[in-house]
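Engineer: Input work.cif, format and content: mmCIF, C-alpha atoms.
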```cif
data_target
loop_
_atom_site.label_atom_id
_atom_site.label_comp_id
_atom_site.auth_asym_id
_atom_site.auth_seq_id
_atom_site.Cartn_x
_atom_site.Cartn_y
_atom_site.Cartn_z
CA ASN A 1 127.20 -73.07 71.40
CA ALA A 2 124.27 -74.73 69.60
CA GLY A 3 126.25 -77.75 68.38
CA VAL A 4 124.57 -79.39 65.38
CA THR A 5 121.18 -78.09 64.30
CA GLN A 6 118.85 -79.39 61.61
CA THR A 7 116.08 -77.65 59.69
CA PRO A 8 113.23 -78.53 59.43
CA LYS A 9 112.31 -80.88 62.30
CA PHE A 10 109.35 -82.40 60.47
CA ARG A 11 108.18 -82.42 56.87
CA VAL A 12 105.54 -84.17 54.79
CA LEU A 13 106.06 -84.38 51.04
CA LYS A 14 104.10 -85.78 48.15
CA THR A 15 105.78 -88.21 45.78
CA GLY A 16 107.81 -86.32 43.21
CA GLN A 17 108.26 -83.15 45.25
CA SER A 18 111.70 -81.83 46.07
CA MET A 19 113.17 -80.45 49.25
CA THR A 20 116.41 -79.57 50.96
CA LEU A 21 117.41 -80.44 54.50
CA LEU A 22 119.83 -78.06 56.16
CA CYS A 23 122.45 -79.03 58.70
CA ALA A 24 124.52 -76.41 60.50
CA GLN A 25 127.33 -76.78 63.03
CA ASP A 26 129.13 -74.10 65.03
CA MET A 27 132.06 -76.20 66.26
CA ASN A 28 134.35 -75.48 63.30
CA HIS A 29 134.33 -79.18 62.41
CA GLU A 30 135.89 -80.26 59.16
CA TYR A 31 133.80 -83.37 58.62
CA MET A 32 130.05 -83.65 58.21
CA TYR A 33 127.73 -86.59 57.55
CA TRP A 34 124.15 -87.37 56.58
CA TYR A 35 122.52 -90.58 57.83
CA ARG A 36 119.06 -92.04 57.53
CA GLN A 37 117.37 -94.25 60.12
CA ASP A 38 114.41 -96.46 59.31
CA PRO A 39 112.16 -97.92 62.03
CA GLY A 40 113.90 -100.53 64.16
CA MET A 41 117.15 -100.20 62.28
CA GLY A 42 120.50 -98.59 62.77
CA LEU A 43 121.81 -95.59 60.89
CA ARG A 44 122.99 -95.78 57.32
CA LEU A 45 125.41 -93.27 55.85
CA ILE A 46 124.07 -91.40 52.82
CA HIS A 47 126.81 -88.90 52.00
CA TYR A 48 129.64 -87.26 53.85
CA SER A 49 132.06 -84.37 53.44
CA VAL A 50 135.66 -84.06 54.53
CA GLY A 51 135.80 -80.31 54.02
CA GLU A 52 134.29 -77.25 52.40
CA GLY A 53 133.58 -77.87 48.74
CA THR A 54 133.98 -81.66 48.95
CA THR A 55 131.43 -84.46 49.16
CA ALA A 56 131.54 -88.24 48.91
CA LYS A 57 129.05 -91.10 48.69
CA GLY A 58 128.22 -93.29 51.64
CA GLU A 59 126.38 -96.59 51.82
CA VAL A 60 122.99 -95.45 50.43
CA PRO A 61 123.51 -92.35 48.22
CA ASP A 62 120.95 -93.02 45.47
CA GLY A 63 118.16 -90.44 45.24
CA TYR A 64 120.06 -87.83 47.25
CA ASN A 65 122.43 -85.00 46.47
CA VAL A 66 124.52 -82.93 48.84
CA SER A 67 126.49 -79.71 48.88
CA ARG A 68 129.02 -78.18 51.25
CA LEU A 69 129.47 -74.62 50.04
CA LYS A 70 130.29 -73.33 53.50
CA LYS A 71 132.26 -75.17 56.16
CA GLN A 72 129.49 -74.86 58.71
CA ASN A 73 126.63 -76.06 56.48
CA PHE A 74 125.87 -79.39 54.84
CA LEU A 75 122.75 -79.60 52.66
CA LEU A 76 120.91 -82.78 51.71
CA GLY A 77 118.62 -82.59 48.70
CA LEU A 78 115.85 -84.84 47.46
CA GLU A 79 115.12 -83.96 43.84
CA SER A 80 112.09 -86.23 43.39
CA ALA A 81 110.91 -87.69 46.67
CA ALA A 82 109.72 -91.29 46.84
CA PRO A 83 107.85 -93.13 49.62
CA SER A 84 111.00 -95.24 50.19
CA GLN A 85 112.69 -92.07 51.42
CA THR A 86 110.33 -91.80 54.37
CA SER A 87 112.76 -91.89 57.26
CA VAL A 88 114.43 -89.94 60.03
CA TYR A 89 117.48 -88.07 58.79
CA PHE A 90 120.39 -87.29 61.09
CA CYS A 91 123.26 -84.98 60.42
CA ALA A 92 126.55 -85.27 62.28
CA SER A 93 129.89 -83.55 62.35
CA SER A 94 133.34 -84.38 63.67
CA TYR A 95 136.56 -82.51 64.25
CA SER A 96 139.04 -84.69 62.52
CA LEU A 97 139.27 -87.57 60.13
CA ALA A 98 141.93 -89.06 62.41
CA GLN A 99 140.35 -92.08 63.92
CA ALA A 100 141.36 -91.24 67.45
CA TYR A 101 139.47 -87.98 67.29
CA ASN A 102 136.49 -88.80 65.14
CA GLU A 103 133.80 -88.49 67.79
CA GLN A 104 130.67 -87.58 65.89
CA PHE A 105 128.21 -85.00 67.20
CA PHE A 106 124.66 -85.57 66.01
CA GLY A 107 121.78 -83.23 65.37
CA PRO A 108 118.23 -83.85 66.65
CA GLY A 109 116.98 -85.31 63.38
CA THR A 110 114.45 -84.45 60.67
CA ARG A 111 111.39 -86.66 60.37
CA LEU A 112 110.37 -86.90 56.72
CA THR A 113 107.23 -88.56 55.41
CA VAL A 114 106.70 -89.01 51.69
CA LEU A 115 103.12 -89.81 50.70
CA ASP B 1 135.89 -102.03 57.50
CA ALA B 2 134.98 -104.50 60.17
CA LYS B 3 131.37 -105.25 61.00
CA THR B 4 130.05 -105.73 64.52
CA THR B 5 127.48 -108.01 66.14
CA GLN B 6 125.60 -107.17 69.31
CA PRO B 7 122.75 -108.79 71.23
CA THR B 8 119.39 -107.41 70.22
CA SER B 9 118.28 -106.54 73.73
CA MET B 10 119.32 -106.69 77.37
CA ASP B 11 117.82 -105.89 80.74
CA CYS B 12 119.65 -104.50 83.74
CA ALA B 13 118.47 -103.75 87.27
CA GLU B 14 118.76 -100.13 88.33
CA GLY B 15 121.95 -99.52 90.30
CA ARG B 16 123.69 -102.58 88.93
CA ALA B 17 126.43 -102.62 86.32
CA ALA B 18 125.32 -103.00 82.73
CA ASN B 19 127.74 -104.98 80.57
CA LEU B 20 127.09 -104.67 76.85
CA PRO B 21 129.12 -107.00 74.61
CA CYS B 22 130.20 -106.42 71.03
CA ASN B 23 131.89 -108.81 68.65
CA HIS B 24 134.18 -107.39 65.98
CA SER B 25 136.20 -110.43 64.97
CA THR B 26 137.34 -108.97 61.63
CA ILE B 27 138.74 -105.75 63.09
CA SER B 28 142.06 -104.65 61.64
CA GLY B 29 145.00 -103.17 63.46
CA ASN B 30 144.27 -99.53 62.73
CA GLU B 31 140.55 -99.56 63.45
CA TYR B 32 139.06 -98.03 66.57
CA VAL B 33 136.04 -99.25 68.48
CA TYR B 34 133.46 -96.51 69.17
CA TRP B 35 130.34 -96.70 71.30
CA TYR B 36 127.31 -94.43 70.95
CA ARG B 37 123.84 -94.52 72.44
CA GLN B 38 120.48 -93.27 71.23
CA ILE B 39 117.80 -92.33 73.71
CA HIS B 40 114.25 -92.53 72.35
CA SER B 41 114.42 -91.01 68.88
CA GLN B 42 117.07 -88.40 69.65
CA GLY B 43 120.34 -88.17 67.76
CA PRO B 44 123.00 -90.66 68.87
CA GLN B 45 125.39 -89.55 71.59
CA TYR B 46 129.07 -90.47 71.77
CA ILE B 47 130.08 -92.49 74.82
CA ILE B 48 133.63 -93.71 74.51
CA HIS B 49 136.19 -95.16 72.10
CA GLY B 50 139.40 -97.16 72.19
CA LEU B 51 142.08 -98.91 70.16
CA LYS B 52 143.83 -101.48 72.34
CA ASN B 53 143.84 -100.41 75.95
CA ASN B 54 140.91 -100.27 78.28
CA GLU B 55 139.39 -96.82 78.55
CA THR B 56 137.30 -95.07 81.17
CA ASN B 57 135.51 -91.74 81.25
CA GLU B 58 132.75 -90.17 83.29
CA MET B 59 130.08 -92.12 81.44
CA ALA B 60 131.45 -95.63 81.04
CA SER B 61 134.34 -98.05 80.76
CA LEU B 62 135.43 -99.87 77.64
CA ILE B 63 137.16 -103.22 77.91
CA ILE B 64 138.81 -104.51 74.73
CA THR B 65 140.09 -108.07 74.62
CA GLU B 66 143.77 -108.64 73.96
CA ASP B 67 143.08 -110.03 70.48
CA ARG B 68 140.75 -107.05 69.86
CA LYS B 69 138.03 -109.32 68.49
CA SER B 70 135.48 -108.23 71.06
CA SER B 71 134.78 -105.50 73.56
CA THR B 72 132.45 -104.74 76.44
CA LEU B 73 130.91 -101.43 77.38
CA ILE B 74 130.33 -101.12 81.10
CA LEU B 75 127.91 -98.70 82.70
CA PRO B 76 128.96 -99.07 86.35
CA HIS B 77 125.71 -98.02 88.04
CA ALA B 78 122.87 -98.08 85.55
CA THR B 79 120.01 -95.62 86.02
CA LEU B 80 116.64 -95.40 84.32
CA ARG B 81 118.04 -92.65 82.11
CA ASP B 82 120.50 -95.17 80.65
CA THR B 83 117.63 -96.95 78.89
CA ALA B 84 118.60 -96.56 75.23
CA VAL B 85 119.90 -98.31 72.14
CA TYR B 86 123.66 -98.78 72.31
CA TYR B 87 125.71 -98.96 69.13
CA CYS B 88 129.15 -100.45 68.80
CA ILE B 89 130.92 -99.42 65.61
CA VAL B 90 134.36 -100.00 64.21
CA GLU B 91 135.85 -97.04 62.49
CA GLY B 92 138.61 -97.37 59.95
CA THR B 93 139.74 -95.20 57.08
CA SER B 94 136.78 -95.81 54.76
CA TYR B 95 134.08 -93.50 56.00
CA ASP B 96 131.68 -94.66 53.33
CA LYS B 97 131.51 -97.91 55.21
CA VAL B 98 130.82 -96.62 58.69
CA ILE B 99 128.01 -98.86 59.85
CA PHE B 100 125.65 -98.31 62.74
CA GLY B 101 123.92 -101.68 63.00
CA PRO B 102 120.69 -102.33 64.93
CA GLY B 103 122.56 -102.02 68.26
CA THR B 104 121.52 -103.36 71.66
CA SER B 105 118.34 -102.10 73.24
CA LEU B 106 119.12 -101.78 76.96
CA SER B 107 116.23 -101.56 79.39
CA VAL B 108 117.08 -100.50 82.93
CA ILE B 109 114.45 -101.89 85.27
CA PRO B 110 113.53 -100.27 88.61
#
```
When written as structure tokens, how does the structure in this file appear?
Structural biologist:
Amino acid sequence: NAGVTQTPKFRVLKTGQSMTLLCAQDMNHEYMYWYRQDPGMGLRLIHYSVGEGTTAKGEVPDGYNVSRLKKQNFLLGLESAAPSQTSVYFCASSYSLAQAYNEQFFGPGTRLTVL
Amino acid sequence: DAKTTQPTSMDCAEGRAANLPCNHSTISGNEYVYWYRQIHSQGPQYIIHGLKNNETNEMASLIITEDRKSSTLILPHATLRDTAVYYCIVEGTSYDKVIFGPGTSLSVIP
């Protein structure tokens, strides 16, 4: 049981380049989330999904797109990377939207640098 | 959704109890309090959560005041491996407003 995995672990982009971050979970969780974490700060929610084929905006969605074509995968895309998107990106998943059971399981993170 | 405030940093002697406070004065009746921690730059790890009653698991205890405006996470016997940033979040029905603030940086000192 791998839990939540993220690909790649590190990436360096040039301004204007595009890339996709992949998050996969093997816990059959309905709900998945993408966060970003800047130095010395907490996590901010970018987008989330409450099920296969659905996505919704979080606190800081601008400049990102997401897709949830399969229940186990949640993709985060940067169409035209900017230096302001240099950050550590964490994916998470949870079993249920019910608040009593919304423990989130986090992946190890992807460290992205945009030059 | 309610916001939380936590001290920026705390120290605790190894073997002693670590008591981490969190203020959530605007919490509403159907919102849960969740605690996570983040060791170094790893992904956050769930610790415990609660609604009204005090809760305990193998990692920690959670004490929620009767008015639910604040809570305290207790690590009963802190070890060096408990050095981490601890996040208190309040989770309601609007997941677009789930907020992990700066948290409390706990240093466990030998």
Engineer: Quick one: pull the distance between atom CA of B:Asp11 and atom CA of B:Ile109, Å, one decimal.
Structural biologist: 6.9 Å
Engineer: May I ask you to extract the residues of chain B within 9 Å of chain A, using all atoms listed in the file, and to give them as a PyMOL selection string?
Structural biologist: chain B and resi 30-32+34+41-51+87+91-93+95-103
Engineer: So what do you get for atom CA of A:Gln72 versus atom CA of B:Asn57, distance-wise?
Structural biologist: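 Separation between atom CA of A:Gln72 and atom CA of B:Asn57: 28.8 Å.
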Engineer: Calculated over all atoms listed in the file, which of the candidates A:Thr20, A:Thr113, A:Gln6, A:Thr54 has the smallest distance to A:Leu76?
Structural biologist: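 So, comparing all the options, the nearest one is A:Thr20.
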Engineer: Do a neighbour search on stretch 4-6 of chain B at 12 Å with all atoms listed in the file, toss out local chain neighbours closer than 6 positions, and write the hits as a ChimeraX atom specification.
Structural biologist: /A:42 /B:19-27,33-35,69-73,85-91,98-106
Engineer: Near A:Arg111, within 9 Å and counting all atoms listed in the file, which residues show up once chain neighbours fewer than 6 positions away are dropped, as a ChimeraX atom specification?
Structural biologist: /A:8-12,86-89
Engineer: Name the residues in contact with B:Ile74 at a cut-off of 8 Å, using all atoms listed in the file, excluding same-chain residues fewer than 2 positions from it; report them as a compact mmCIF listing (two decimals) with C-alpha atoms, in the coordinates of the input.
Structural biologist:
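Listing of around.txt after writing:
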```txt
# COMPACT_ATOMS: atom_id res chain seq x y z
CA ALA B 17 126.43 -102.62 86.32
CA ALA B 18 125.32 -103.00 82.73
CA ASN B 19 127.74 -104.98 80.57
CA LEU B 20 127.09 -104.67 76.85
CA ALA B 60 131.45 -95.63 81.04
CA SER B 61 134.34 -98.05 80.76
CA LEU B 62 135.43 -99.87 77.64
CA ILE B 63 137.16 -103.22 77.91
CA THR B 72 132.45 -104.74 76.44
CA PRO B 76 128.96 -99.07 86.35
```
